[in-house]
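Just work00.pdb here, PDB, C-alpha atoms:
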ATOM      1  CA  MET A   1     -14.422 -96.755 -10.738  1.00  0.00           C
ATOM      2  CA  GLN A   2     -17.783 -96.208 -12.378  1.00  0.00           C
ATOM      3  CA  MET A   3     -18.157 -92.805 -14.071  1.00  0.00           C
ATOM      4  CA  ILE A   4     -21.522 -91.607 -15.349  1.00  0.00           C
ATOM      5  CA  VAL A   5     -21.676 -88.519 -17.576  1.00  0.00           C
ATOM      6  CA  LYS A   6     -25.089 -87.150 -18.449  1.00  0.00           C
ATOM      7  CA  GLY A   7     -26.333 -84.021 -20.146  1.00  0.00           C
ATOM      8  CA  LYS A   8     -29.459 -81.908 -19.835  1.00  0.00           C
ATOM      9  CA  ASN A   9     -30.556 -79.172 -22.257  1.00  0.00           C
ATOM     10  CA  LEU A  10     -27.444 -79.637 -24.406  1.00  0.00           C
ATOM     11  CA  GLU A  11     -26.036 -81.797 -27.161  1.00  0.00           C
ATOM     12  CA  MET A  12     -23.505 -84.141 -25.574  1.00  0.00           C
ATOM     13  CA  THR A  13     -20.539 -84.502 -27.909  1.00  0.00           C
ATOM     14  CA  GLU A  14     -17.936 -87.238 -27.538  1.00  0.00           C
ATOM     15  CA  ALA A  15     -15.244 -84.546 -27.123  1.00  0.00           C
ATOM     16  CA  LEU A  16     -17.155 -82.936 -24.260  1.00  0.00           C
ATOM     17  CA  ARG A  17     -17.823 -86.295 -22.594  1.00  0.00           C
ATOM     18  CA  SER A  18     -14.149 -87.319 -22.897  1.00  0.00           C
ATOM     19  CA  TYR A  19     -12.914 -83.980 -21.536  1.00  0.00           C
ATOM     20  CA  ALA A  20     -15.201 -84.222 -18.494  1.00  0.00           C
ATOM     21  CA  GLU A  21     -14.209 -87.850 -17.798  1.00  0.00           C
ATOM     22  CA  GLU A  22     -10.471 -87.189 -18.167  1.00  0.00           C
ATOM     23  CA  LYS A  23     -10.522 -84.044 -16.045  1.00  0.00           C
ATOM     24  CA  ILE A  24     -12.611 -85.416 -13.178  1.00  0.00           C
ATOM     25  CA  SER A  25     -10.803 -88.791 -13.152  1.00  0.00           C
ATOM     26  CA  LYS A  26      -7.670 -86.915 -12.034  1.00  0.00           C
ATOM     27  CA  LEU A  27      -9.291 -86.654  -8.592  1.00  0.00           C
ATOM     28  CA  GLY A  28      -8.544 -90.350  -8.162  1.00  0.00           C
ATOM     29  CA  ARG A  29      -4.956 -89.522  -7.237  1.00  0.00           C
ATOM     30  CA  TYR A  30      -6.242 -87.712  -4.126  1.00  0.00           C
ATOM     31  CA  LEU A  31      -9.029 -90.099  -3.106  1.00  0.00           C
ATOM     32  CA  GLU A  32      -9.035 -93.663  -1.912  1.00  0.00           C
ATOM     33  CA  LYS A  33     -11.761 -96.080  -2.920  1.00  0.00           C
ATOM     34  CA  VAL A  34     -13.910 -93.991  -5.264  1.00  0.00           C
ATOM     35  CA  ILE A  35     -17.020 -96.085  -5.866  1.00  0.00           C
ATOM     36  CA  LYS A  36     -18.854 -93.976  -8.419  1.00  0.00           C
ATOM     37  CA  THR A  37     -18.671 -90.511  -9.939  1.00  0.00           C
ATOM     38  CA  GLU A  38     -21.665 -88.749 -11.484  1.00  0.00           C
ATOM     39  CA  ILE A  39     -21.059 -85.778 -13.781  1.00  0.00           C
ATOM     40  CA  GLU A  40     -24.045 -83.778 -14.966  1.00  0.00           C
ATOM     41  CA  LEU A  41     -23.549 -81.144 -17.656  1.00  0.00           C
ATOM     42  CA  PHE A  42     -26.473 -78.815 -18.228  1.00  0.00           C
ATOM     43  CA  VAL A  43     -27.476 -75.429 -19.607  1.00  0.00           C
ATOM     44  CA  GLU A  44     -29.657 -73.067 -17.578  1.00  0.00           C
ATOM     45  CA  LYS A  45     -32.563 -71.943 -19.753  1.00  0.00           C
ATOM     46  CA  ASN A  46     -32.927 -68.501 -18.148  1.00  0.00           C
ATOM     47  CA  PRO A  47     -31.548 -65.962 -20.688  1.00  0.00           C
ATOM     48  CA  LYS A  48     -30.683 -63.536 -17.859  1.00  0.00           C
ATOM     49  CA  ILE A  49     -28.024 -65.933 -16.546  1.00  0.00           C
ATOM     50  CA  ALA A  50     -24.694 -65.049 -18.168  1.00  0.00           C
ATOM     51  CA  ASN A  51     -22.871 -68.168 -16.934  1.00  0.00           C
ATOM     52  CA  SER A  52     -25.461 -70.671 -18.096  1.00  0.00           C
ATOM     53  CA  GLN A  53     -23.136 -73.624 -18.815  1.00  0.00           C
ATOM     54  CA  CYS A  54     -23.129 -75.667 -15.582  1.00  0.00           C
ATOM     55  CA  VAL A  55     -21.475 -78.815 -14.273  1.00  0.00           C
ATOM     56  CA  GLU A  56     -22.396 -80.705 -11.107  1.00  0.00           C
ATOM     57  CA  VAL A  57     -20.178 -83.549  -9.930  1.00  0.00           C
ATOM     58  CA  THR A  58     -20.940 -85.999  -7.131  1.00  0.00           C
ATOM     59  CA  VAL A  59     -18.169 -88.361  -6.031  1.00  0.00           C
ATOM     60  CA  PHE A  60     -19.224 -91.367  -3.967  1.00  0.00           C
ATOM     61  CA  THR A  61     -16.343 -92.821  -1.958  1.00  0.00           C
ATOM     62  CA  SER A  62     -16.138 -95.433   0.761  1.00  0.00           C
ATOM     63  CA  GLY A  63     -15.871 -92.362   3.017  1.00  0.00           C
ATOM     64  CA  PRO A  64     -17.731 -89.087   2.495  1.00  0.00           C
ATOM     65  CA  VAL A  65     -19.834 -88.018  -0.477  1.00  0.00           C
ATOM     66  CA  ILE A  66     -18.212 -85.031  -2.210  1.00  0.00           C
ATOM     67  CA  ARG A  67     -20.253 -82.664  -4.378  1.00  0.00           C
ATOM     68  CA  ALA A  68     -19.501 -79.480  -6.294  1.00  0.00           C
ATOM     69  CA  ARG A  69     -21.295 -77.327  -8.843  1.00  0.00           C
ATOM     70  CA  GLU A  70     -19.897 -74.559 -11.036  1.00  0.00           C
ATOM     71  CA  CYS A  71     -21.210 -72.484 -13.929  1.00  0.00           C
ATOM     72  CA  ALA A  72     -19.390 -70.498 -16.616  1.00  0.00           C
ATOM     73  CA  ALA A  73     -19.971 -69.011 -20.047  1.00  0.00           C
ATOM     74  CA  ASP A  74     -18.266 -72.048 -21.637  1.00  0.00           C
ATOM     75  CA  MET A  75     -18.834 -75.713 -20.709  1.00  0.00           C
ATOM     76  CA  TYR A  76     -15.109 -76.565 -20.806  1.00  0.00           C
ATOM     77  CA  GLN A  77     -14.408 -73.667 -18.449  1.00  0.00           C
ATOM     78  CA  ALA A  78     -17.194 -74.870 -16.121  1.00  0.00           C
ATOM     79  CA  ILE A  79     -15.566 -78.335 -16.053  1.00  0.00           C
ATOM     80  CA  ASP A  80     -12.216 -76.776 -15.155  1.00  0.00           C
ATOM     81  CA  LEU A  81     -13.824 -74.684 -12.389  1.00  0.00           C
ATOM     82  CA  VAL A  82     -15.685 -77.626 -10.851  1.00  0.00           C
ATOM     83  CA  TYR A  83     -12.500 -79.712 -10.924  1.00  0.00           C
ATOM     84  CA  GLU A  84     -10.594 -76.957  -9.083  1.00  0.00           C
ATOM     85  CA  LYS A  85     -13.369 -76.708  -6.489  1.00  0.00           C
ATOM     86  CA  LEU A  86     -13.409 -80.484  -5.954  1.00  0.00           C
ATOM     87  CA  GLU A  87      -9.627 -80.557  -5.707  1.00  0.00           C
ATOM     88  CA  ARG A  88      -9.723 -77.898  -2.961  1.00  0.00           C
ATOM     89  CA  GLN A  89     -12.421 -79.832  -1.082  1.00  0.00           C
ATOM     90  CA  VAL A  90     -10.464 -83.078  -1.272  1.00  0.00           C
ATOM     91  CA  LYS A  91      -7.236 -81.417  -0.106  1.00  0.00           C
ATOM     92  CA  LYS A  92      -9.147 -79.779   2.760  1.00  0.00           C
ATOM     93  CA  LEU A  93     -10.610 -83.162   3.679  1.00  0.00           C
ATOM     94  CA  HIS A  94      -7.161 -84.745   3.649  1.00  0.00           C
ATOM     95  CA  GLY A  95      -5.787 -81.951   5.859  1.00  0.00           C
ATOM     96  CA  ARG A  96      -8.619 -82.330   8.372  1.00  0.00           C
ATOM     97  CA  ARG A  97      -8.112 -86.094   8.535  1.00  0.00           C
ATOM     98  CA  ILE A  98      -4.445 -85.546   9.357  1.00  0.00           C
ATOM     99  CA  ASP A  99      -5.295 -82.849  11.933  1.00  0.00           C
ATOM    100  CA  ARG A 100      -7.932 -85.066  13.532  1.00  0.00           C
ATOM    101  CA  SER A 101      -5.577 -88.032  13.816  1.00  0.00           C
ATOM    102  CA  HIS A 102      -3.070 -85.852  15.678  1.00  0.00           C
ATOM    103  CA  ASN A 103      -5.656 -84.331  17.998  1.00  0.00           C
ATOM    104  CA  ALA A 104      -6.263 -86.641  20.956  1.00  0.00           C
ATOM    105  CA  ARG A 105      -8.920 -84.483  22.650  1.00  0.00           C
ATOM    106  CA  HIS A 106     -11.466 -85.534  20.017  1.00  0.00           C
ATOM    107  CA  ASN A 107     -10.762 -89.242  20.427  1.00  0.00           C
ATOM    108  CA  HIS A 108     -14.020 -91.203  20.584  1.00  0.00           C
ATOM    109  CA  GLY A 109     -12.619 -94.730  20.595  1.00  0.00           C
ATOM    110  CA  ASN A 110     -12.927 -96.764  17.439  1.00  0.00           C
ATOM    111  CA  ARG A 111     -16.359 -95.389  16.527  1.00  0.00           C
ATOM    112  CA  GLN A 112     -16.431 -94.242  12.926  1.00  0.00           C
ATOM    113  CA  ALA A 113     -19.360 -92.463  11.397  1.00  0.00           C
ATOM    114  CA  ALA A 114     -20.579 -93.722   8.062  1.00  0.00           C
ATOM    115  CA  PRO A 115     -21.085 -91.017   5.455  1.00  0.00           C
ATOM    116  CA  PRO A 116     -24.590 -89.942   4.622  1.00  0.00           C
ATOM    117  CA  GLU A 117     -26.060 -91.343   1.465  1.00  0.00           C
ATOM    118  CA  VAL A 118     -27.793 -88.410  -0.177  1.00  0.00           C
ATOM    119  CA  MET A 119     -30.834 -89.074  -2.352  1.00  0.00           C
ATOM    120  CA  GLU A 120     -32.442 -86.185  -4.179  1.00  0.00           C
ATOM    121  CA  GLU A 121     -35.583 -85.604  -6.192  1.00  0.00           C
ATOM    122  CA  GLU A 122     -35.592 -83.353  -9.244  1.00  0.00           C
ATOM    123  CA  GLU A 123     -36.598 -79.729  -8.799  1.00  0.00           C
ATOM    124  CA  GLU A 124     -39.776 -78.445 -10.450  1.00  0.00           C
ATOM    125  CA  PRO A 125     -40.078 -74.792 -11.549  1.00  0.00           C
ATOM    126  CA  SER A 126     -42.739 -72.851  -9.649  1.00  0.00           C
ATOM    127  CA  LEU A 127     -43.871 -69.283  -9.042  1.00  0.00           C
ATOM    128  CA  GLU A 128     -45.159 -69.810  -5.490  1.00  0.00           C
ATOM    129  CA  ALA A 129     -43.095 -70.862  -2.495  1.00  0.00           C
ATOM    130  CA  LYS A 130     -43.373 -74.579  -1.869  1.00  0.00           C
ATOM    131  CA  ILE A 131     -41.162 -77.539  -1.083  1.00  0.00           C
ATOM    132  CA  VAL A 132     -39.520 -78.491  -4.371  1.00  0.00           C
ATOM    133  CA  LYS A 133     -36.794 -80.865  -3.224  1.00  0.00           C
ATOM    134  CA  THR A 134     -36.698 -83.568  -0.609  1.00  0.00           C
ATOM    135  CA  LYS A 135     -33.516 -85.180   0.670  1.00  0.00           C
ATOM    136  CA  SER A 136     -33.387 -88.296   2.738  1.00  0.00           C
ATOM    137  CA  PHE A 137     -30.345 -89.799   4.413  1.00  0.00           C
ATOM    138  CA  PRO A 138     -29.619 -91.971   7.412  1.00  0.00           C
ATOM    139  CA  LEU A 139     -28.512 -90.093  10.524  1.00  0.00           C
ATOM    140  CA  LYS A 140     -25.254 -91.512  11.851  1.00  0.00           C
ATOM    141  CA  PRO A 141     -23.531 -90.664  15.121  1.00  0.00           C
ATOM    142  CA  MET A 142     -20.618 -88.281  14.582  1.00  0.00           C
ATOM    143  CA  THR A 143     -18.860 -85.431  16.303  1.00  0.00           C
ATOM    144  CA  PRO A 144     -19.776 -81.821  15.442  1.00  0.00           C
ATOM    145  CA  GLU A 145     -16.364 -81.520  13.734  1.00  0.00           C
ATOM    146  CA  GLU A 146     -17.113 -84.525  11.524  1.00  0.00           C
ATOM    147  CA  ALA A 147     -20.545 -83.071  10.720  1.00  0.00           C
ATOM    148  CA  ALA A 148     -18.933 -79.753   9.701  1.00  0.00           C
ATOM    149  CA  LEU A 149     -16.588 -81.674   7.400  1.00  0.00           C
ATOM    150  CA  GLN A 150     -19.520 -83.560   5.832  1.00  0.00           C
ATOM    151  CA  MET A 151     -21.367 -80.251   5.387  1.00  0.00           C
ATOM    152  CA  ASP A 152     -18.383 -78.761   3.541  1.00  0.00           C
ATOM    153  CA  LEU A 153     -17.998 -81.820   1.332  1.00  0.00           C
ATOM    154  CA  VAL A 154     -21.598 -81.761   0.139  1.00  0.00           C
ATOM    155  CA  GLY A 155     -21.497 -77.960  -0.252  1.00  0.00           C
ATOM    156  CA  HIS A 156     -24.398 -77.106   2.041  1.00  0.00           C
ATOM    157  CA  ASP A 157     -24.815 -74.340   4.633  1.00  0.00           C
ATOM    158  CA  PHE A 158     -26.112 -76.702   7.334  1.00  0.00           C
ATOM    159  CA  PHE A 159     -26.004 -80.394   8.213  1.00  0.00           C
ATOM    160  CA  VAL A 160     -28.277 -82.516  10.429  1.00  0.00           C
ATOM    161  CA  PHE A 161     -26.646 -85.348  12.395  1.00  0.00           C
ATOM    162  CA  ILE A 162     -26.752 -87.353  15.616  1.00  0.00           C
ATOM    163  CA  ASN A 163     -24.213 -85.912  18.037  1.00  0.00           C
ATOM    164  CA  ALA A 164     -21.971 -88.787  19.183  1.00  0.00           C
ATOM    165  CA  ASP A 165     -21.364 -86.987  22.484  1.00  0.00           C
ATOM    166  CA  THR A 166     -25.041 -86.520  23.423  1.00  0.00           C
ATOM    167  CA  ASP A 167     -26.866 -89.111  21.224  1.00  0.00           C
ATOM    168  CA  ARG A 168     -29.296 -86.333  20.214  1.00  0.00           C
ATOM    169  CA  THR A 169     -30.170 -84.885  16.822  1.00  0.00           C
ATOM    170  CA  SER A 170     -28.190 -81.681  16.215  1.00  0.00           C
ATOM    171  CA  VAL A 171     -27.503 -79.217  13.396  1.00  0.00           C
ATOM    172  CA  VAL A 172     -24.173 -77.692  12.447  1.00  0.00           C
ATOM    173  CA  TYR A 173     -24.293 -74.580  10.225  1.00  0.00           C
ATOM    174  CA  ARG A 174     -21.974 -72.091   8.538  1.00  0.00           C
ATOM    175  CA  ARG A 175     -22.011 -68.617  10.065  1.00  0.00           C
ATOM    176  CA  LYS A 176     -21.619 -65.411   8.052  1.00  0.00           C
ATOM    177  CA  ASP A 177     -18.203 -64.848   9.657  1.00  0.00           C
ATOM    178  CA  GLY A 178     -16.954 -68.140   8.137  1.00  0.00           C
ATOM    179  CA  ASN A 179     -17.033 -70.097  11.404  1.00  0.00           C
ATOM    180  CA  TYR A 180     -19.481 -72.850  12.322  1.00  0.00           C
ATOM    181  CA  GLY A 181     -22.423 -72.916  14.700  1.00  0.00           C
ATOM    182  CA  LEU A 182     -24.013 -75.853  16.491  1.00  0.00           C
ATOM    183  CA  ILE A 183     -27.726 -76.115  17.301  1.00  0.00           C
ATOM    184  CA  GLU A 184     -28.700 -78.664  19.923  1.00  0.00           C
ATOM    185  CA  PRO A 185     -32.198 -79.384  21.248  1.00  0.00           C
ATOM    186  CA  GLY A 186     -33.052 -78.068  24.729  1.00  0.00           C
ATOM    187  CA  ARG A 187     -33.162 -80.463  27.612  1.00  0.00           C
TER     188      ARG A 187
END
Entire entry expressed as structure tokens:
Amino acid sequence: MQMIVKGKNLEMTEALRSYAEEKISKLGRYLEKVIKTEIELFVEKNPKIANSQCVEVTVFTSGPVIRARECAADMYQAIDLVYEKLERQVKKLHGRRIDRSHNARHNHGNRQAAPPEVMEEEEEPSLEAKIVKTKSFPLKPMTPEEAALQMDLVGHDFFVFINADTDRTSVVYRRKDGNYGLIEPGR
């Protein structure tokens, strides 16, 4: 497994790099076929932010892309927090896979949706409202349940996908009550 550790706005020590690699590599016991893991350690420059030591981890697997971000007052604590968050996501993913395999009403033959490959551009600070980040990924046919799982794994509040049932572009989103909503285009 390839592991990339990079730092922004901080001095990357060997001890910090080793701690991040060792901690995050423990996820391998829960995941199959991890292709690459990117760990970014950075410090928010805004002095009003108390928890300015941040870690963002993206795990690329042969299945879904898993991402988490956490901030704390101490970088080692932020690493521990992001590991715990990733561990919860992976366990939730494993539980949903088991539930889905036992649930025949969502059987769609042998069709398997490929995970989205997320590509991001760096954010630029600005005082006026404008588009500061663009994401591009291939839309793959999947069920709304699979789209909700992908949304959780990348840590977003919504997810755009092609509904395998209707072959139309749809959006699944997280509601304030903790449930999910589905937006489908009118006919």
Q.
Quick one: residues within 8 Å of segment 147-159 of chain A, all atoms listed in the file, excluding same-chain residues fewer than 2 positions away - as a list of chain:residue names?
A. A:Pro64, A:Val65, A:Ile66, A:Arg67, A:Ala68, A:Gln89, A:Leu93, A:Pro115, A:Met142, A:Thr143, A:Pro144, A:Glu145, A:Phe161, A:Val171, A:Val172, A:Tyr173, A:Arg174, A:Tyr180
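Here atom CA of Val82 of chain A is placed at a distance of 7.5 Å from atom CA of Val57 of chain A.
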Q.
Please determine, counting only C-alpha atoms, which residue among A:Leu27, A:Val43, A:Ala72, A:Ile183 has the shortest atom-to-atom distance to Glu11 of chain A.
A. A:Val43
Around all of segment 141-154 of chain A's listed atoms, make the axis-aligned box with 5 Å on each side and tell me centre and edge lengths in Å to one decimal, as AutoDock Vina command-line options.
--center_x -19.9 --center_y -84.7 --center_z 8.2 --size_x 17.2 --size_y 21.9 --size_z 26.2
Q) Interatomic distance between atom CA of Leu31 of chain A and atom CA of Gln2 of chain A? A) 14.1 Å
Q.
Just the number, please: distance in Å from atom CA of Thr61 of chain A to atom CA of Lys33 of chain A, one decimal.
A. 5.7 Å
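Compared by their closest atoms to Lys45 of chain A, and using all atoms listed in the file, the residues A:Val59, A:Ile24, A:Leu10, A:Met75 rank with A:Leu10 nearest.
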Q: Could you state which residues are captured by the PyMOL selection byres ((chain A and resi 20) around 9) in this file, as a ChimeraX atom specification?
A: /A:5,15-19,21-25,39,41,76,79-80
For the residues in the current selection, export C-alpha atoms as a CSV table (one decimal), in the coordinates of the input.
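Once everything was written out, this is result_13.csv:
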chain,number,residue,atom,x,y,z
A,5,VAL,CA,-21.7,-88.5,-17.6
A,15,ALA,CA,-15.2,-84.5,-27.1
A,16,LEU,CA,-17.2,-82.9,-24.3
A,17,ARG,CA,-17.8,-86.3,-22.6
A,18,SER,CA,-14.1,-87.3,-22.9
A,19,TYR,CA,-12.9,-84.0,-21.5
A,21,GLU,CA,-14.2,-87.8,-17.8
A,22,GLU,CA,-10.5,-87.2,-18.2
A,23,LYS,CA,-10.5,-84.0,-16.0
A,24,ILE,CA,-12.6,-85.4,-13.2
A,25,SER,CA,-10.8,-88.8,-13.2
A,39,ILE,CA,-21.1,-85.8,-13.8
A,41,LEU,CA,-23.5,-81.1,-17.7
A,76,TYR,CA,-15.1,-76.6,-20.8
A,79,ILE,CA,-15.6,-78.3,-16.1
A,80,ASP,CA,-12.2,-76.8,-15.2
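With all atoms listed in the file as the atoms that count, the minimum distance from Gly95 of chain A to the choices A:Tyr30, A:Lys176, A:Lys48, A:Lys133 is reached by A:Tyr30.
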Some atoms are missing, so please complete segment 67-99 of chain A with N, CA and C atoms and return it as a CSV table (one decimal), keeping the file's coordinate frame.
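Saved file result_15.csv follows:
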chain,number,residue,atom,x,y,z
A,67,ARG,N,-19.5,-83.2,-3.3
A,67,ARG,CA,-20.3,-82.7,-4.4
A,67,ARG,C,-19.8,-81.2,-4.6
A,68,ALA,N,-19.8,-80.9,-5.9
A,68,ALA,CA,-19.5,-79.5,-6.3
A,68,ALA,C,-20.3,-79.1,-7.6
A,69,ARG,N,-20.6,-77.8,-7.7
A,69,ARG,CA,-21.3,-77.3,-8.8
A,69,ARG,C,-20.7,-76.0,-9.2
A,70,GLU,N,-20.4,-75.8,-10.5
A,70,GLU,CA,-19.9,-74.6,-11.0
A,70,GLU,C,-20.5,-74.2,-12.4
A,71,CYS,N,-20.7,-73.0,-12.7
A,71,CYS,CA,-21.2,-72.5,-13.9
A,71,CYS,C,-20.3,-71.5,-14.6
A,72,ALA,N,-20.2,-71.4,-15.9
A,72,ALA,CA,-19.4,-70.5,-16.6
A,72,ALA,C,-20.0,-70.2,-18.0
A,73,ALA,N,-19.4,-69.3,-18.7
A,73,ALA,CA,-20.0,-69.0,-20.0
A,73,ALA,C,-19.7,-70.1,-21.1
A,74,ASP,N,-18.7,-71.0,-20.8
A,74,ASP,CA,-18.3,-72.0,-21.6
A,74,ASP,C,-18.3,-73.4,-20.8
A,75,MET,N,-18.7,-74.4,-21.4
A,75,MET,CA,-18.8,-75.7,-20.7
A,75,MET,C,-17.5,-76.2,-20.3
A,76,TYR,N,-16.5,-76.1,-21.1
A,76,TYR,CA,-15.1,-76.6,-20.8
A,76,TYR,C,-14.6,-75.8,-19.6
A,77,GLN,N,-14.8,-74.5,-19.6
A,77,GLN,CA,-14.4,-73.7,-18.4
A,77,GLN,C,-15.1,-74.1,-17.2
A,78,ALA,N,-16.4,-74.4,-17.3
A,78,ALA,CA,-17.2,-74.9,-16.1
A,78,ALA,C,-16.6,-76.2,-15.6
A,79,ILE,N,-16.2,-77.1,-16.5
A,79,ILE,CA,-15.6,-78.3,-16.1
A,79,ILE,C,-14.3,-78.1,-15.3
A,80,ASP,N,-13.5,-77.1,-15.8
A,80,ASP,CA,-12.2,-76.8,-15.2
A,80,ASP,C,-12.5,-76.2,-13.8
A,81,LEU,N,-13.5,-75.3,-13.7
A,81,LEU,CA,-13.8,-74.7,-12.4
A,81,LEU,C,-14.3,-75.7,-11.4
A,82,VAL,N,-15.2,-76.6,-11.8
A,82,VAL,CA,-15.7,-77.6,-10.9
A,82,VAL,C,-14.6,-78.6,-10.4
A,83,TYR,N,-13.6,-78.9,-11.3
A,83,TYR,CA,-12.5,-79.7,-10.9
A,83,TYR,C,-11.7,-79.0,-9.9
A,84,GLU,N,-11.4,-77.7,-10.1
A,84,GLU,CA,-10.6,-77.0,-9.1
A,84,GLU,C,-11.3,-76.9,-7.7
A,85,LYS,N,-12.6,-76.7,-7.7
A,85,LYS,CA,-13.4,-76.7,-6.5
A,85,LYS,C,-13.3,-78.1,-5.8
A,86,LEU,N,-13.5,-79.1,-6.5
A,86,LEU,CA,-13.4,-80.5,-6.0
A,86,LEU,C,-12.0,-80.8,-5.4
A,87,GLU,N,-11.0,-80.3,-6.1
A,87,GLU,CA,-9.6,-80.6,-5.7
A,87,GLU,C,-9.4,-79.9,-4.4
A,88,ARG,N,-9.9,-78.6,-4.2
A,88,ARG,CA,-9.7,-77.9,-3.0
A,88,ARG,C,-10.4,-78.6,-1.8
A,89,GLN,N,-11.7,-79.1,-2.1
A,89,GLN,CA,-12.4,-79.8,-1.1
A,89,GLN,C,-11.7,-81.1,-0.6
A,90,VAL,N,-11.1,-81.8,-1.6
A,90,VAL,CA,-10.5,-83.1,-1.3
A,90,VAL,C,-9.2,-82.8,-0.5
A,91,LYS,N,-8.4,-81.8,-0.9
A,91,LYS,CA,-7.2,-81.4,-0.1
A,91,LYS,C,-7.6,-81.0,1.3
A,92,LYS,N,-8.7,-80.2,1.4
A,92,LYS,CA,-9.1,-79.8,2.8
A,92,LYS,C,-9.5,-81.0,3.6
A,93,LEU,N,-10.2,-81.9,3.0
A,93,LEU,CA,-10.6,-83.2,3.7
A,93,LEU,C,-9.4,-83.9,4.2
A,94,HIS,N,-8.4,-84.0,3.3
A,94,HIS,CA,-7.2,-84.7,3.6
A,94,HIS,C,-6.5,-84.0,4.8
A,95,GLY,N,-6.4,-82.7,4.8
A,95,GLY,CA,-5.8,-82.0,5.9
A,95,GLY,C,-6.5,-82.1,7.2
A,96,ARG,N,-7.8,-82.1,7.1
A,96,ARG,CA,-8.6,-82.3,8.4
A,96,ARG,C,-8.4,-83.7,8.9
A,97,ARG,N,-8.3,-84.7,8.1
A,97,ARG,CA,-8.1,-86.1,8.5
A,97,ARG,C,-6.8,-86.2,9.3
A,98,ILE,N,-5.8,-85.5,8.7
A,98,ILE,CA,-4.4,-85.5,9.4
A,98,ILE,C,-4.5,-84.8,10.7
A,99,ASP,N,-5.2,-83.6,10.7
A,99,ASP,CA,-5.3,-82.8,11.9
A,99,ASP,C,-6.0,-83.7,13.0
